[in-house]
>>> print(open('target37.tsv').read())   # TSV, C-alpha atoms
chain	number	residue	atom	x	y	z
A	76	MET	CA	30.02	-31.41	-25.48
A	77	ILE	CA	26.72	-29.69	-24.73
A	78	ASP	CA	26.71	-27.10	-21.94
A	79	GLU	CA	23.73	-27.96	-19.74
A	80	THR	CA	24.32	-25.13	-17.27
A	81	PRO	CA	21.08	-23.09	-16.93
A	82	SER	CA	21.28	-19.61	-18.39
A	83	LYS	CA	20.60	-16.55	-16.24
A	84	SER	CA	17.19	-16.05	-17.88
A	85	GLU	CA	16.27	-19.69	-17.13
A	86	GLN	CA	17.42	-19.26	-13.53
A	87	ARG	CA	15.29	-16.13	-13.14
A	88	LEU	CA	12.27	-17.91	-14.64
A	89	SER	CA	12.79	-20.87	-12.31
A	90	TRP	CA	12.99	-18.50	-9.30
A	91	ARG	CA	9.79	-16.74	-10.35
A	92	ARG	CA	7.98	-20.06	-10.51
A	93	LEU	CA	9.35	-21.12	-7.12
A	94	SER	CA	8.86	-17.77	-5.36
A	95	PRO	CA	5.02	-17.97	-5.00
A	96	TRP	CA	5.32	-21.38	-3.35
A	97	LEU	CA	8.00	-20.16	-0.96
A	98	LYS	CA	5.89	-17.14	0.04
A	99	THR	CA	2.81	-19.36	0.49
A	100	ILE	CA	4.76	-21.77	2.68
A	101	LEU	CA	6.17	-18.85	4.69
A	102	ALA	CA	2.69	-17.36	5.24
A	103	VAL	CA	1.21	-20.69	6.31
A	104	GLY	CA	4.24	-21.34	8.54
A	105	VAL	CA	3.95	-17.97	10.30
A	106	ILE	CA	0.20	-18.39	10.92
A	107	CYS	CA	0.74	-21.95	12.21
A	108	ALA	CA	3.46	-20.64	14.52
A	109	LEU	CA	1.06	-17.99	15.85
A	110	PHE	CA	-1.43	-20.75	16.66
A	111	PHE	CA	1.29	-22.97	18.15
A	112	PHE	CA	2.53	-20.23	20.49
A	113	ASN	CA	-1.07	-19.33	21.45
A	114	ARG	CA	-0.94	-15.91	19.79
A	115	ILE	CA	-4.13	-16.98	18.01
A	116	GLU	CA	-6.65	-19.21	19.74
A	117	LEU	CA	-9.95	-20.38	18.29
A	118	GLN	CA	-11.89	-19.22	21.34
A	119	ILE	CA	-10.75	-15.67	20.62
A	120	PHE	CA	-13.23	-15.63	17.73
A	121	THR	CA	-16.19	-16.68	19.95
A	122	PRO	CA	-17.34	-13.09	20.73
A	123	LEU	CA	-17.82	-12.46	16.99
A	124	SER	CA	-21.02	-14.51	17.10
A	125	GLU	CA	-22.58	-11.64	19.07
A	126	THR	CA	-20.69	-8.69	17.57
A	127	TRP	CA	-20.66	-9.81	13.90
A	128	TRP	CA	-22.45	-6.65	12.80
A	129	TRP	CA	-19.29	-4.68	13.62
A	130	LEU	CA	-17.61	-6.81	10.95
A	131	VAL	CA	-20.32	-5.77	8.52
A	132	PHE	CA	-19.55	-2.13	9.29
A	133	ALA	CA	-15.86	-2.87	8.79
A	134	PHE	CA	-16.50	-4.35	5.34
A	135	VAL	CA	-18.67	-1.39	4.35
A	136	PHE	CA	-15.87	1.00	5.35
A	137	MET	CA	-13.53	-0.92	3.04
A	138	LEU	CA	-15.55	-0.11	-0.09
A	139	PRO	CA	-15.29	3.72	-0.50
A	140	PRO	CA	-11.46	3.62	-0.64
A	141	TYR	CA	-11.58	2.01	-4.08
A	142	LEU	CA	-13.40	5.03	-5.51
A	143	ILE	CA	-11.13	7.43	-3.61
A	144	VAL	CA	-7.97	5.67	-4.82
A	145	SER	CA	-9.34	5.56	-8.38
A	146	TYR	CA	-9.91	9.31	-8.34
A	147	ARG	CA	-6.44	9.88	-6.86
A	148	PHE	CA	-4.92	7.68	-9.56
A	149	TRP	CA	-6.83	9.58	-12.23
A	150	LEU	CA	-5.35	12.85	-10.91
A	151	VAL	CA	-1.86	11.31	-11.00
A	152	LEU	CA	-2.36	10.14	-14.59
A	153	ARG	CA	-3.67	13.54	-15.63
A	154	ASN	CA	-0.74	15.25	-13.94
A	155	GLN	CA	1.65	13.06	-15.94
A	156	GLY	CA	-0.07	13.85	-19.21
A	157	ILE	CA	-1.73	10.46	-19.69
A	158	ASP	CA	-5.10	10.76	-21.42
A	159	ALA	CA	-7.48	8.45	-19.57
A	160	ASP	CA	-10.96	9.07	-18.23
A	161	PHE	CA	-12.12	8.35	-14.69
A	162	GLY	CA	-13.82	5.12	-15.81
A	163	LEU	CA	-10.52	3.71	-17.02
A	164	ALA	CA	-8.85	4.72	-13.75
A	165	ILE	CA	-11.54	2.80	-11.83
A	166	LYS	CA	-11.09	-0.26	-14.03
A	167	TRP	CA	-7.30	-0.27	-13.70
A	168	THR	CA	-7.50	0.27	-9.94
A	169	MET	CA	-9.97	-2.56	-9.42
A	170	ILE	CA	-8.01	-4.98	-11.61
A	171	GLY	CA	-4.83	-4.03	-9.75
A	172	SER	CA	-6.57	-4.61	-6.41
A	173	PHE	CA	-7.72	-8.04	-7.57
A	174	PHE	CA	-4.20	-9.03	-8.60
A	175	ASP	CA	-2.82	-7.78	-5.28
A	176	VAL	CA	-4.58	-10.85	-3.90
A	177	MET	CA	-4.15	-13.29	-6.77
A	178	MET	CA	-0.39	-12.74	-7.14
A	179	PRO	CA	2.08	-13.68	-4.41
A	180	SER	CA	3.54	-10.19	-4.07
A	181	ASN	CA	1.59	-7.19	-2.79
A	182	SER	CA	3.09	-5.23	-5.68
A	183	GLY	CA	1.72	-7.74	-8.17
A	184	GLY	CA	-1.35	-5.61	-8.74
A	185	ASP	CA	0.83	-2.60	-9.51
A	186	VAL	CA	2.74	-4.60	-12.12
A	187	VAL	CA	-0.48	-5.65	-13.85
A	188	LYS	CA	-1.89	-2.12	-13.63
A	189	ALA	CA	1.29	-0.66	-15.12
A	190	GLY	CA	1.01	-3.17	-17.96
A	191	TYR	CA	-2.52	-2.03	-18.79
A	192	ILE	CA	-1.51	1.63	-18.78
A	193	ALA	CA	1.64	1.01	-20.83
A	194	ASN	CA	-0.48	-0.78	-23.41
A	195	HIS	CA	-2.94	2.13	-23.39
A	196	VAL	CA	-0.36	4.89	-23.93
A	197	GLY	CA	1.79	2.93	-26.40
A	198	ALA	CA	5.49	3.31	-27.13
A	199	GLY	CA	7.13	6.53	-26.04
A	200	LYS	CA	5.23	7.04	-22.80
A	201	ARG	CA	5.59	3.67	-21.13
A	202	THR	CA	8.17	4.98	-18.68
A	203	VAL	CA	5.72	7.68	-17.62
A	204	ALA	CA	3.01	5.01	-17.24
A	205	VAL	CA	5.16	2.93	-14.90
A	206	ILE	CA	6.28	5.99	-12.92
A	207	SER	CA	2.64	7.03	-12.49
A	208	VAL	CA	1.86	3.70	-10.82
A	209	VAL	CA	4.93	4.02	-8.58
A	210	PHE	CA	3.96	7.59	-7.65
A	211	ASP	CA	0.45	6.46	-6.79
A	212	ARG	CA	1.81	3.76	-4.48
A	213	VAL	CA	4.36	6.05	-2.78
A	214	LEU	CA	1.82	8.84	-2.30
A	215	GLY	CA	-0.56	6.30	-0.81
A	216	LEU	CA	2.04	5.23	1.76
A	217	LEU	CA	2.86	8.87	2.46
A	218	GLY	CA	-0.81	9.54	3.18
A	219	LEU	CA	-0.89	6.55	5.51
A	220	PHE	CA	1.97	7.89	7.64
A	221	LEU	CA	0.74	11.48	7.47
A	222	LEU	CA	-2.56	10.27	8.95
A	223	ALA	CA	-0.68	8.63	11.83
A	224	GLY	CA	1.34	11.81	12.35
A	225	ILE	CA	-1.73	14.07	12.33
A	226	ALA	CA	-3.54	11.81	14.81
A	227	SER	CA	-0.47	11.82	17.06
A	228	VAL	CA	-0.26	15.60	17.08
A	229	VAL	CA	-4.00	16.17	17.57
A	230	GLY	CA	-4.30	13.58	20.32
A	231	TRP	CA	-0.91	13.97	21.95
A	232	GLY	CA	-2.47	14.17	25.40
A	233	VAL	CA	-3.95	10.70	24.87
A	234	ILE	CA	-1.19	8.88	23.03
A	235	LYS	CA	1.89	10.23	24.83
A	236	SER	CA	1.55	7.40	27.36
A	237	ILE	CA	1.76	4.73	24.62
A	238	PRO	CA	4.95	2.65	25.07
A	239	GLY	CA	7.42	3.36	22.29
A	240	ILE	CA	5.49	6.36	20.99
A	241	TYR	CA	8.65	8.45	20.58
A	242	GLY	CA	10.24	5.82	18.37
A	243	LEU	CA	7.06	5.68	16.31
A	244	LEU	CA	6.98	9.46	15.90
A	245	THR	CA	10.65	9.51	14.89
A	246	PHE	CA	9.92	6.98	12.15
A	247	LEU	CA	6.88	8.95	10.95
A	248	VAL	CA	8.80	12.24	10.81
A	249	LEU	CA	11.77	10.71	8.97
A	250	PHE	CA	9.62	8.92	6.39
A	251	CYS	CA	7.22	11.81	5.73
A	252	PHE	CA	9.91	14.50	5.72
A	253	GLY	CA	12.25	12.36	3.59
A	254	THR	CA	9.59	11.60	0.97
A	255	LEU	CA	8.41	15.21	0.75
A	256	LEU	CA	12.01	16.39	0.50
A	257	LEU	CA	12.69	13.90	-2.30
A	258	PHE	CA	9.73	15.20	-4.29
A	259	ARG	CA	10.84	18.76	-3.60
A	260	ILE	CA	14.44	18.25	-4.76
A	261	LEU	CA	13.83	16.04	-7.80
A	262	GLY	CA	10.91	18.20	-8.86
A	263	SER	CA	12.69	21.53	-8.55
A	264	ARG	CA	12.98	23.72	-11.64
A	265	ARG	CA	16.70	24.15	-11.10
A	266	PHE	CA	17.26	20.39	-11.09
A	267	TYR	CA	14.92	19.73	-14.03
A	268	GLY	CA	16.38	22.57	-16.13
A	269	ASN	CA	20.03	21.76	-15.41
A	270	LYS	CA	21.72	21.64	-18.84
A	271	ARG	CA	24.83	19.96	-17.51
A	272	LEU	CA	22.75	17.16	-15.99
A	273	GLN	CA	20.93	16.70	-19.29
A	274	SER	CA	24.19	16.46	-21.24
A	275	ILE	CA	25.57	13.88	-18.77
A	276	LEU	CA	22.45	11.73	-18.91
A	277	GLU	CA	22.38	11.81	-22.72
A	278	LYS	CA	25.68	9.93	-22.76
A	279	TYR	CA	24.14	6.83	-21.18
A	280	PRO	CA	21.59	4.37	-22.63
A	281	LEU	CA	19.15	4.86	-19.76
A	282	GLY	CA	19.84	8.58	-19.44
A	283	SER	CA	16.71	9.65	-21.29
A	284	ARG	CA	14.55	7.48	-19.03
A	285	LEU	CA	16.18	8.90	-15.92
A	286	TYR	CA	15.53	12.40	-17.17
A	287	GLY	CA	11.96	11.36	-17.90
A	288	ILE	CA	11.60	10.34	-14.26
A	289	ILE	CA	12.91	13.75	-13.18
A	290	SER	CA	10.33	15.29	-15.51
A	291	CYS	CA	7.59	13.31	-13.74
A	292	PHE	CA	8.69	14.74	-10.38
A	293	ASN	CA	8.73	18.21	-11.90
A	294	SER	CA	5.13	17.80	-13.09
A	295	PHE	CA	4.01	17.54	-9.47
A	296	ARG	CA	6.26	20.41	-8.44
A	297	GLU	CA	4.68	22.71	-11.02
A	298	LYS	CA	1.12	21.86	-9.94
A	299	PRO	CA	1.07	22.08	-6.13
A	300	LYS	CA	-2.74	22.11	-5.93
A	301	GLU	CA	-2.92	18.69	-7.59
A	302	TYR	CA	-0.11	17.46	-5.33
A	303	ILE	CA	-1.99	18.59	-2.21
A	304	SER	CA	-5.24	17.10	-3.53
A	305	VAL	CA	-3.56	13.73	-4.10
A	306	LEU	CA	-2.11	13.74	-0.57
A	307	GLY	CA	-5.50	14.72	0.85
A	308	LEU	CA	-7.18	11.83	-0.97
A	309	SER	CA	-4.49	9.45	0.34
A	310	ILE	CA	-5.22	10.53	3.91
A	311	LEU	CA	-8.99	10.23	3.37
A	312	ASN	CA	-8.53	6.77	1.88
A	313	HIS	CA	-6.69	5.52	4.95
A	314	CYS	CA	-9.24	7.10	7.28
A	315	PHE	CA	-11.72	4.55	5.93
A	316	TRP	CA	-9.28	1.64	6.31
A	317	CYS	CA	-8.50	2.69	9.89
A	318	ALA	CA	-12.22	3.02	10.60
A	319	ALA	CA	-12.69	-0.54	9.33
A	320	LEU	CA	-9.90	-1.76	11.58
A	321	PHE	CA	-11.42	0.10	14.52
A	322	CYS	CA	-14.74	-1.72	13.96
A	323	ILE	CA	-12.93	-5.07	13.95
A	324	THR	CA	-11.15	-4.15	17.18
A	325	VAL	CA	-14.49	-3.32	18.81
A	326	ALA	CA	-15.90	-6.62	17.52
A	327	PHE	CA	-13.20	-8.40	19.55
A	328	ASN	CA	-14.28	-6.39	22.64
A	329	GLN	CA	-11.00	-4.49	22.83
A	330	SER	CA	-10.88	-1.00	24.33
A	331	VAL	CA	-8.98	1.32	21.96
A	332	THR	CA	-9.85	4.99	21.52
A	333	LEU	CA	-10.18	6.54	18.07
A	334	ILE	CA	-7.12	8.72	18.64
A	335	GLN	CA	-5.02	5.75	19.69
A	336	GLY	CA	-6.28	3.76	16.76
A	337	PHE	CA	-5.64	6.38	14.09
A	338	ALA	CA	-2.14	6.91	15.47
A	339	VAL	CA	-1.19	3.22	15.57
A	340	PHE	CA	-3.45	1.48	13.04
A	341	PRO	CA	-1.58	2.92	10.00
A	342	ILE	CA	1.61	1.19	11.14
A	343	ALA	CA	-0.23	-2.12	11.48
A	344	ILE	CA	-1.77	-1.68	8.03
A	345	PHE	CA	1.68	-0.93	6.62
A	346	SER	CA	2.94	-4.27	7.98
A	347	ASN	CA	0.59	-5.98	5.51
A	348	THR	CA	2.96	-4.85	2.76
A	349	PHE	CA	5.34	-7.63	3.78
A	350	GLY	CA	2.72	-10.37	3.97
A	351	PHE	CA	1.32	-12.76	1.39
A	352	ALA	CA	-1.77	-12.07	-0.75
A	353	GLY	CA	-2.91	-9.05	1.23
A	354	GLY	CA	-0.89	-9.43	4.42
A	355	PHE	CA	-1.26	-13.04	5.59
A	356	GLY	CA	1.71	-14.41	7.48
A	357	VAL	CA	4.23	-11.65	8.12
A	358	GLY	CA	1.46	-9.03	8.16
A	359	THR	CA	-0.48	-11.08	10.73
A	360	ALA	CA	2.62	-11.28	12.92
A	361	GLY	CA	3.07	-7.53	12.45
A	362	PHE	CA	-0.44	-6.90	13.77
A	363	ASP	CA	0.30	-9.09	16.77
A	364	LEU	CA	3.52	-7.23	17.59
A	365	ILE	CA	2.17	-3.69	17.04
A	366	PHE	CA	-1.10	-4.22	18.91
A	367	SER	CA	0.60	-5.88	21.89
A	368	LYS	CA	3.50	-3.43	22.18
A	369	LEU	CA	1.73	-0.14	21.42
A	370	LEU	CA	-1.90	-0.73	22.42
A	371	ASN	CA	-1.58	-3.47	25.04
A	372	VAL	CA	-4.01	-5.58	23.00
A	373	HIS	CA	-3.08	-9.27	23.02
A	374	VAL	CA	-5.41	-10.50	20.26
A	375	GLY	CA	-3.70	-8.48	17.54
A	376	ALA	CA	-2.98	-11.56	15.40
A	377	ALA	CA	-6.68	-12.52	15.36
A	378	ILE	CA	-7.64	-8.90	14.55
A	379	GLY	CA	-5.07	-8.85	11.75
A	380	LEU	CA	-6.26	-12.16	10.33
A	381	THR	CA	-9.85	-10.88	10.31
A	382	PHE	CA	-8.83	-7.57	8.74
A	383	GLN	CA	-6.84	-9.36	6.03
A	384	THR	CA	-9.70	-11.76	5.28
A	385	LEU	CA	-12.26	-8.97	4.87
A	386	SER	CA	-9.75	-7.01	2.80
A	387	VAL	CA	-9.29	-9.97	0.45
A	388	ILE	CA	-13.06	-10.28	0.02
A	389	SER	CA	-13.30	-6.59	-0.86
A	390	ARG	CA	-10.43	-6.88	-3.38
A	391	LEU	CA	-12.19	-9.74	-5.12
A	392	LEU	CA	-14.69	-7.12	-6.31
A	393	GLY	CA	-12.07	-6.37	-8.96
A	394	LEU	CA	-12.64	-9.78	-10.58
A	395	PRO	CA	-15.71	-8.66	-12.64
A	396	PHE	CA	-13.66	-5.73	-14.01
A	397	TYR	CA	-10.94	-8.15	-15.10
A	398	LEU	CA	-13.38	-10.64	-16.66
A	399	ARG	CA	-15.28	-7.90	-18.45
A	400	ASN	CA	-12.03	-6.51	-19.84
A	401	HIS	CA	-11.22	-9.89	-21.36
>>> encode(input="target37.tsv", output="structure tokens")
Amino acid sequence: MIDETPSKSEQRLSWRRLSPWLKTILAVGVICALFFFNRIELQIFTPLSETWWWLVFAFVFMLPPYLIVSYRFWLVLRNQGIDADFGLAIKWTMIGSFFDVMMPSNSGGDVVKAGYIANHVGAGKRTVAVISVVFDRVLGLLGLFLLAGIASVVGWGVIKSIPGIYGLLTFLVLFCFGTLLLFRILGSRRFYGNKRLQSILEKYPLGSRLYGIISCFNSFREKPKEYISVLGLSILNHCFWCAALFCITVAFNQSVTLIQGFAVFPIAIFSNTFGFAGGFGVGTAGFDLIFSKLLNVHVGAAIGLTFQTLSVISRLLGLPFYLRNH
């Protein structure tokens, strides 16, 4: 009798094929729900016929981040001992940005980028290649929340009246402090040079890879100037994205100050992480919730949808890099 029960590998493959469709349906369903419950109305977009040039400014602000992120990624690769010039870092970043849109998961671009780097470095350094991509993503998120924290401190007199600001600040402090502490502990010389830890890890199949990850953390710990430079570039990168979002907000005739925007916009941008193909769906709902609760702006869903659409157009600039590479 033949066992027709699907194997685990077949089940995983079937789930991977089904997952993009489920995420697409979810995104479409969320956006339709926003229209159904009048969170997005077509007349909301009417003012854009007179303020469209603010959208042009927003798109222009979305372009420099790709160079900034490429340079940051090049610094991360150099810190991890991966020999790649700045041109390669640009190519990998642009291809990754393109696949952030073309694949159902927002981490899809990171997976493709890690594949290119792993192929470039060859066997023996593939773990370092993957960790470099993960570091770049985590440091990018850290820069996003550091920007919100800095804006909150600088403009405390303006933002202290925002509803829920204390909860927001608590989240920012916990995330930023926790991430910095993690890098500090795992990158410490005492932890990296612990002979007992090494002997324990050597007993397990994945022990050498785990120790390699600790070594990656230590590389940042030993070069604080590069670490600070990477964080600075992450903050600068998100300054441009927040500026783009500010222009879109103005295009919808909404009154939000720069200080308020730079304190709250990073949280809205972070919500795109959970959306489809650049933030659609869950990210759009996140914009609606954050703008209405923290900024008293009730067209947040429309602003988010516009921001996500322009972001997708900018990410499509990575297509020529992908086609040229093949």
>>> atom_distance(input="target37.tsv", atom1="atom CA of A:Leu221", atom2="atom CA of A:Leu247")
7.5 Å
>>> closest_atom_pairs(input="target37.tsv", of="stretch 161-239 of chain A", to="stretch 257-275 of chain A", cutoff="12 Å", atoms="all atoms listed in the file", output="CSV")
residue,atom,partner,partner_atom,distance
A:Phe210,CA,A:Phe258,CA,10.1
A:Val213,CA,A:Phe258,CA,10.7
A:Leu214,CA,A:Phe258,CA,10.3
A:Leu217,CA,A:Phe258,CA,11.5
>>> closest_residue(input="target37.tsv", among="A:Trp129, A:Trp231, A:Trp149, A:Phe315", to="A:Phe327", atoms="all atoms listed in the file")
A:Trp129
>>> residues_around(input="target37.tsv", residues="A:Ala377", least_positions_apart="6", cutoff="12 Å", atoms="all atoms listed in the file", output="PyMOL selection string")
chain A and resi 106+109-110+113-123+320+323-324+326-327+329+355-356+358-364+366-367+383-384
>>> axis_aligned_box(input="target37.tsv", around="stretch 364-375 of chain A", padding_each_side="8 Å", output="lines of an AutoDock Vina configuration file")
center_x = -0.9
center_y = -5.3
center_z = 21.0
size_x = 24.9
size_y = 26.4
size_z = 24.0
>>> closest_residue(input="target37.tsv", among="A:Leu306, A:Ile170, A:Val339, A:Leu138", to="A:Lys368", atoms="all atoms listed in the file")
A:Val339
>>> residues_around(input="target37.tsv", residues="A:Ile388", least_positions_apart="5", cutoff="10 Å", atoms="all atoms listed in the file", output="ChimeraX atom specification")
/A:134,137,173,176,383,393
>>> residues_around(input="target37.tsv", residues="A:Pro395", least_positions_apart="4", cutoff="12 Å", atoms="all atoms listed in the file", output="list in words")
Lys166, Trp167, Met169, Ile170, Ser172, Phe173, Arg390, Leu391, Arg399, Asn400 and His401 of chain A
>>> decode(input="target37.tsv", residues="stretch 320-353 of chain A", atoms="C-alpha atoms", output="PDB file, in the first residue's frame")
ATOM      1  CA  LEU A 320       5.610  61.589   4.542  1.00  0.00           C
ATOM      2  CA  PHE A 321       5.392  65.169   5.798  1.00  0.00           C
ATOM      3  CA  CYS A 322       5.002  66.408   2.193  1.00  0.00           C
ATOM      4  CA  ILE A 323       2.180  63.917   1.609  1.00  0.00           C
ATOM      5  CA  THR A 324       0.472  65.065   4.801  1.00  0.00           C
ATOM      6  CA  VAL A 325       0.655  68.684   3.610  1.00  0.00           C
ATOM      7  CA  ALA A 326      -0.714  67.610   0.220  1.00  0.00           C
ATOM      8  CA  PHE A 327      -3.837  66.377   2.035  1.00  0.00           C
ATOM      9  CA  ASN A 328      -4.125  69.806   3.747  1.00  0.00           C
ATOM     10  CA  GLN A 329      -3.438  68.391   7.203  1.00  0.00           C
ATOM     11  CA  SER A 330      -1.819  70.548   9.883  1.00  0.00           C
ATOM     12  CA  VAL A 331       1.077  68.623  11.467  1.00  0.00           C
ATOM     13  CA  THR A 332       4.249  70.310  12.692  1.00  0.00           C
ATOM     14  CA  LEU A 333       7.681  68.948  11.796  1.00  0.00           C
ATOM     15  CA  ILE A 334       8.376  68.033  15.420  1.00  0.00           C
ATOM     16  CA  GLN A 335       5.097  66.144  15.723  1.00  0.00           C
ATOM     17  CA  GLY A 336       5.736  64.427  12.436  1.00  0.00           C
ATOM     18  CA  PHE A 337       9.275  63.291  13.163  1.00  0.00           C
ATOM     19  CA  ALA A 338       8.148  61.958  16.545  1.00  0.00           C
ATOM     20  CA  VAL A 339       5.160  59.997  15.216  1.00  0.00           C
ATOM     21  CA  PHE A 340       5.901  59.301  11.535  1.00  0.00           C
ATOM     22  CA  PRO A 341       8.584  56.653  12.316  1.00  0.00           C
ATOM     23  CA  ILE A 342       5.977  54.546  14.117  1.00  0.00           C
ATOM     24  CA  ALA A 343       3.636  54.788  11.134  1.00  0.00           C
ATOM     25  CA  ILE A 344       6.454  53.839   8.764  1.00  0.00           C
ATOM     26  CA  PHE A 345       7.288  50.877  10.999  1.00  0.00           C
ATOM     27  CA  SER A 346       3.694  49.626  10.636  1.00  0.00           C
ATOM     28  CA  ASN A 347       4.447  49.041   6.940  1.00  0.00           C
ATOM     29  CA  THR A 348       6.612  46.113   8.036  1.00  0.00           C
ATOM     30  CA  PHE A 349       3.449  44.089   8.622  1.00  0.00           C
ATOM     31  CA  GLY A 350       1.769  44.978   5.340  1.00  0.00           C
ATOM     32  CA  PHE A 351       1.904  43.428   1.883  1.00  0.00           C
ATOM     33  CA  ALA A 352       4.363  44.450  -0.851  1.00  0.00           C
ATOM     34  CA  GLY A 353       5.547  47.599   0.881  1.00  0.00           C
TER      35      GLY A 353
END
